[in-house]
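*Asks:* Below is the file run-v7.csv, with CSV, C-alpha atoms.
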chain,number,residue,atom,x,y,z
A,186,LEU,CA,-12.7,-3.3,-23.2
A,187,CYS,CA,-11.7,-5.8,-20.6
A,188,GLY,CA,-13.3,-4.0,-17.6
A,189,VAL,CA,-10.0,-3.6,-15.9
A,190,LYS,CA,-9.5,-0.8,-13.5
A,191,ALA,CA,-5.9,0.3,-13.0
A,192,ASN,CA,-4.5,2.4,-10.1
A,193,SER,CA,-1.5,3.6,-12.1
A,194,GLN,CA,-0.2,4.1,-15.6
A,195,THR,CA,2.2,1.2,-15.1
A,196,SER,CA,-0.6,-1.2,-14.2
A,197,LEU,CA,-2.7,-0.1,-17.2
A,198,ASP,CA,0.3,-0.5,-19.5
A,199,ALA,CA,1.0,-4.0,-18.1
A,200,HIS,CA,-2.6,-4.9,-18.9
A,201,LEU,CA,-2.6,-3.3,-22.3
A,202,HIS,CA,0.5,-5.3,-23.3
A,203,GLY,CA,-0.9,-8.6,-21.7
A,204,SER,CA,-2.3,-11.6,-23.4
A,205,ARG,CA,-5.9,-11.2,-22.0
A,206,HIS,CA,-6.2,-7.7,-23.5
A,207,ALA,CA,-4.7,-8.9,-26.8
A,208,ARG,CA,-7.2,-11.8,-27.0
A,209,ALA,CA,-10.1,-9.4,-26.3
A,210,VAL,CA,-8.9,-7.0,-29.0
A,211,LEU,CA,-8.7,-9.8,-31.5
A,212,LEU,CA,-12.2,-11.0,-30.6
A,213,LEU,CA,-13.5,-7.5,-31.0
A,214,LEU,CA,-11.8,-7.0,-34.4
A,215,ASN,CA,-13.2,-10.3,-35.6
A,216,GLY,CA,-16.7,-9.3,-34.3
A,217,GLU,CA,-16.7,-12.1,-31.8
A,218,TYR,CA,-16.2,-10.0,-28.6
A,219,VAL,CA,-18.8,-10.4,-26.0
A,220,ASP,CA,-18.8,-8.1,-23.0
A,221,GLU,CA,-18.2,-10.5,-20.0
A,222,ARG,CA,-20.2,-8.2,-17.8
A,223,GLU,CA,-23.2,-8.4,-20.1
A,224,GLU,CA,-22.8,-12.2,-20.2
A,225,GLU,CA,-22.9,-12.3,-16.4
A,226,GLU,CA,-26.0,-10.2,-16.3
A,227,ASP,CA,-27.6,-12.5,-18.8
A,228,GLU,CA,-26.9,-15.5,-16.6
A,229,GLU,CA,-28.3,-13.7,-13.6
A,230,ASP,CA,-31.5,-12.8,-15.5
A,231,LYS,CA,-31.9,-16.4,-16.7
A,232,ASP,CA,-31.7,-17.5,-13.1
A,233,LYS,CA,-34.6,-15.1,-12.4
A,234,GLY,CA,-36.6,-16.7,-15.2
A,235,GLN,CA,-36.1,-13.7,-17.6
A,236,VAL,CA,-34.4,-14.1,-20.9
A,237,LYS,CA,-32.3,-11.2,-22.1
A,238,HIS,CA,-30.6,-10.9,-25.5
A,239,ARG,CA,-26.8,-10.9,-25.4
A,240,SER,CA,-25.3,-7.7,-26.5
A,241,LEU,CA,-22.0,-7.1,-28.3
A,242,VAL,CA,-20.3,-3.9,-27.1
A,243,CYS,CA,-17.6,-1.8,-28.6
A,244,GLU,CA,-16.0,-0.1,-25.6
A,245,LEU,CA,-14.1,2.3,-27.7
A,246,CYS,CA,-17.2,3.8,-29.3
A,247,CYS,CA,-19.7,2.9,-26.6
A,248,ALA,CA,-21.7,1.1,-29.3
A,249,LYS,CA,-23.9,-1.8,-28.4
A,250,THR,CA,-25.2,-4.3,-31.0
A,251,HIS,CA,-27.3,-7.4,-30.8
A,252,SER,CA,-25.6,-9.5,-33.6
A,253,GLN,CA,-22.2,-10.2,-34.9
A,254,VAL,CA,-23.3,-8.8,-38.3
A,255,GLU,CA,-24.1,-5.5,-36.7
A,256,MET,CA,-20.8,-5.5,-34.8
A,257,SER,CA,-18.8,-6.4,-37.9
A,258,ALA,CA,-20.5,-3.5,-39.7
A,259,HIS,CA,-19.7,-1.2,-36.9
A,260,LEU,CA,-16.0,-2.3,-36.7
A,261,LYS,CA,-15.6,-1.7,-40.4
A,262,GLY,CA,-17.4,1.7,-40.2
A,263,LYS,CA,-15.9,5.2,-40.4
A,264,ARG,CA,-16.9,6.2,-36.9
A,265,HIS,CA,-15.1,3.2,-35.3
A,266,ALA,CA,-12.0,3.8,-37.6
A,267,LYS,CA,-11.9,7.5,-36.6
A,268,ARG,CA,-12.1,6.6,-32.9
A,269,GLN,CA,-9.3,4.0,-33.3
A,270,GLN,CA,-7.2,6.6,-35.0
A,271,GLU,CA,-7.9,9.1,-32.2
A,272,GLN,CA,-7.0,6.5,-29.6
A,273,GLN,CA,-3.7,5.7,-31.4
A,274,GLN,CA,-2.9,9.4,-31.6
A,275,ARG,CA,-3.6,9.8,-27.9
A,276,GLN,CA,-1.3,6.9,-27.1
A,277,GLN,CA,1.4,8.3,-29.3
A,278,ARG,CA,1.1,11.7,-27.6
A,279,GLN,CA,1.3,10.1,-24.2
A,280,GLN,CA,4.4,8.1,-25.3
A,281,GLN,CA,6.0,11.3,-26.7
A,282,GLN,CA,5.3,13.1,-23.4
A,283,GLN,CA,6.8,10.3,-21.4
A,284,GLN,CA,9.9,10.3,-23.7
A,285,GLN,CA,10.2,14.1,-23.2
A,286,GLN,CA,9.9,13.7,-19.5
A,287,GLN,CA,12.5,11.0,-19.4
A,288,GLN,CA,14.8,13.2,-21.6
A,289,GLN,CA,14.3,16.2,-19.3
A,290,GLN,CA,15.0,14.1,-16.2
A,291,ALA,CA,18.2,12.7,-17.8
A,292,HIS,CA,19.2,16.2,-18.8
A,293,LYS,CA,18.5,17.5,-15.3
A,294,LYS,CA,20.5,14.6,-13.8
A,295,GLN,CA,23.4,15.3,-16.1
A,296,GLN,CA,23.4,19.0,-15.1
A,297,GLN,CA,23.4,18.0,-11.4
A,298,GLN,CA,26.3,15.8,-12.0
A,299,GLN,CA,28.2,18.5,-13.8
A,300,GLN,CA,27.4,21.0,-10.9
A,301,GLN,CA,28.7,18.4,-8.4
A,302,GLN,CA,31.8,17.9,-10.4
A,303,GLN,CA,32.4,21.6,-10.6
A,304,GLN,CA,31.9,22.0,-6.9
A,305,ARG,CA,34.4,19.2,-6.1
A,306,HIS,CA,36.9,20.8,-8.5
A,307,ARG,CA,36.4,24.2,-6.7
A,308,GLN,CA,36.9,22.5,-3.3
A,309,GLN,CA,40.0,20.8,-4.5
A,310,GLN,CA,41.4,24.2,-5.7
A,311,ASN,CA,40.6,25.8,-2.4
A,312,GLN,CA,42.3,23.0,-0.5
A,313,ARG,CA,45.4,23.4,-2.7
A,314,GLN,CA,45.4,27.2,-2.1
A,315,GLN,CA,45.0,26.7,1.6
A,316,LYS,CA,47.9,24.2,1.7
A,317,GLN,CA,50.1,26.6,-0.3
A,318,GLN,CA,49.3,29.4,2.1
A,319,GLN,CA,50.0,27.2,5.1
A,320,GLN,CA,53.4,26.3,3.6
A,321,TRP,CA,54.2,29.9,2.7
A,322,LEU,CA,53.1,31.4,6.0
A,323,PRO,CA,55.7,29.7,8.2
A,324,LYS,CA,58.5,30.7,5.9
A,325,LYS,CA,57.4,34.3,6.1
A,326,ILE,CA,57.2,34.1,9.8
A,327,GLN,CA,60.6,32.3,10.1
A,328,GLN,CA,62.4,34.9,8.0
A,329,PRO,CA,61.6,37.9,10.3
A,330,GLN,CA,62.4,35.8,13.4
A,331,GLN,CA,65.8,34.9,11.9
A,332,GLN,CA,66.4,38.6,11.1
A,333,LEU,CA,65.4,39.5,14.6
A,334,GLN,CA,67.8,37.0,16.1
A,335,GLN,CA,70.6,38.3,13.9
A,336,LEU,CA,69.9,41.9,15.1
A,337,GLN,CA,69.8,40.8,18.7
A,338,GLN,CA,73.1,39.0,18.3
A,339,GLN,CA,74.6,42.1,16.6
A,340,GLU,CA,73.4,44.3,19.5
A,341,GLU,CA,74.9,41.9,22.0
A,342,GLN,CA,78.2,41.9,20.2
A,343,GLN,CA,78.2,45.7,20.1
A,344,GLN,CA,77.4,45.9,23.9
A,345,GLN,CA,80.3,43.6,24.6
A,346,GLN,CA,82.7,45.7,22.7
Could I get this structure in the form of structure tokens?
*Replies:*
Amino acid sequence: LCGVKANSQTSLDAHLHGSRHARAVLLLLNGEYVDEREEEEDEEDKDKGQVKHRSLVCELCCAKTHSQVEMSAHLKGKRHAKRQQEQQQRQQRQQQQQQQQQQQQAHKKQQQQQQQQQQRHRQQQNQRQQKQQQQWLPKKIQQPQQQLQQLQQQEEQQQQQ
């Protein structure tokens, strides 16, 4: 409709929600839209000495008319209404797909966060277990050493006797 070429969906969305596009749509719906590209061609042809009739174009249907009456009739027609409805349905599907993708991404992020939390919890448990083992091990080692020392002392006492 506006002859805008977008490199990304974001750029296209920005244009579609902009004032220039809204103005063009209003003009089109009122039957007053003139394809600026056609207008430029007309001016170029006038410069060459040729007169060309201005055309009105419905970009949605690829329909070209030569009068506002014809364009108004086209805009009120079944074919145009059907194409508008199809376009709206396409846009709704795209929005639904985008919402689904966003929900999937949010769900995936939530799962990753849960996995990270579980991993941290397991690490903390492992650290506690290792600390307990480290505290327990010296006691187990100290007990036999004390027993060995007692035995050695008893043997020494027996030898002295």
*Asks:* Need to verify the contact set: range 254-263 of chain A, 12 Å, all atoms listed in the file, exclusion of same-chain residues closer than 4 positions in sequence. Can you return it as a PyMOL selection string?
*Replies:* chain A and resi 210-219+240-250+267-270
*Asks:* Could you please take those selected residues and save C-alpha atoms as an mmCIF file, keeping the file's coordinate frame?
*Replies:*
data_model
loop_
_atom_site.group_PDB
_atom_site.id
_atom_site.type_symbol
_atom_site.label_atom_id
_atom_site.label_comp_id
_atom_site.auth_asym_id
_atom_site.auth_seq_id
_atom_site.Cartn_x
_atom_site.Cartn_y
_atom_site.Cartn_z
ATOM 1 C CA VAL A 210 -8.900 -7.000 -29.000
ATOM 2 C CA LEU A 211 -8.700 -9.800 -31.500
ATOM 3 C CA LEU A 212 -12.200 -11.000 -30.600
ATOM 4 C CA LEU A 213 -13.500 -7.500 -31.000
ATOM 5 C CA LEU A 214 -11.800 -7.000 -34.400
ATOM 6 C CA ASN A 215 -13.200 -10.300 -35.600
ATOM 7 C CA GLY A 216 -16.700 -9.300 -34.300
ATOM 8 C CA GLU A 217 -16.700 -12.100 -31.800
ATOM 9 C CA TYR A 218 -16.200 -10.000 -28.600
ATOM 10 C CA VAL A 219 -18.800 -10.400 -26.000
ATOM 11 C CA SER A 240 -25.300 -7.700 -26.500
ATOM 12 C CA LEU A 241 -22.000 -7.100 -28.300
ATOM 13 C CA VAL A 242 -20.300 -3.900 -27.100
ATOM 14 C CA CYS A 243 -17.600 -1.800 -28.600
ATOM 15 C CA GLU A 244 -16.000 -0.100 -25.600
ATOM 16 C CA LEU A 245 -14.100 2.300 -27.700
ATOM 17 C CA CYS A 246 -17.200 3.800 -29.300
ATOM 18 C CA CYS A 247 -19.700 2.900 -26.600
ATOM 19 C CA ALA A 248 -21.700 1.100 -29.300
ATOM 20 C CA LYS A 249 -23.900 -1.800 -28.400
ATOM 21 C CA THR A 250 -25.200 -4.300 -31.000
ATOM 22 C CA LYS A 267 -11.900 7.500 -36.600
ATOM 23 C CA ARG A 268 -12.100 6.600 -32.900
ATOM 24 C CA GLN A 269 -9.300 4.000 -33.300
ATOM 25 C CA GLN A 270 -7.200 6.600 -35.000
#
*Asks:* Can you tell me how far CA of Ser193 in chain A sits from CA of Gln282 in chain A, in Å to one decimal?
*Replies:*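 Those two atoms sit 16.3 Å apart.
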*Asks:* If I take CA of Gln302 in chain A and CA of Gln290 in chain A, how far is one from the other in Å, to one decimal?
*Replies:*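 Separating CA of Gln302 in chain A from CA of Gln290 in chain A is a distance of 18.2 Å.
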*Asks:* What does the structure give for the distance between CA of Gln296 in chain A and CA of Asn311 in chain A, in Å to one decimal?
*Replies:*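 One can read the CA of Gln296 in chain A to CA of Asn311 in chain A distance as 22.4 Å.
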*Asks:* Would you list the contacts of range 198-202 of chain A as a list in words, taking every protein, DNA or RNA residue within 12 Å and counting all atoms listed in the file, but skipping same-chain residues closer than 3 positions in sequence?
*Replies:* Leu186, Cys187, Gly188, Val189, Lys190, Ala191, Asn192, Ser193, Gln194, Thr195, Arg205, His206, Ala207, Arg208, Ala209, Val210, Gln276, Gln279 and Gln280 of chain A
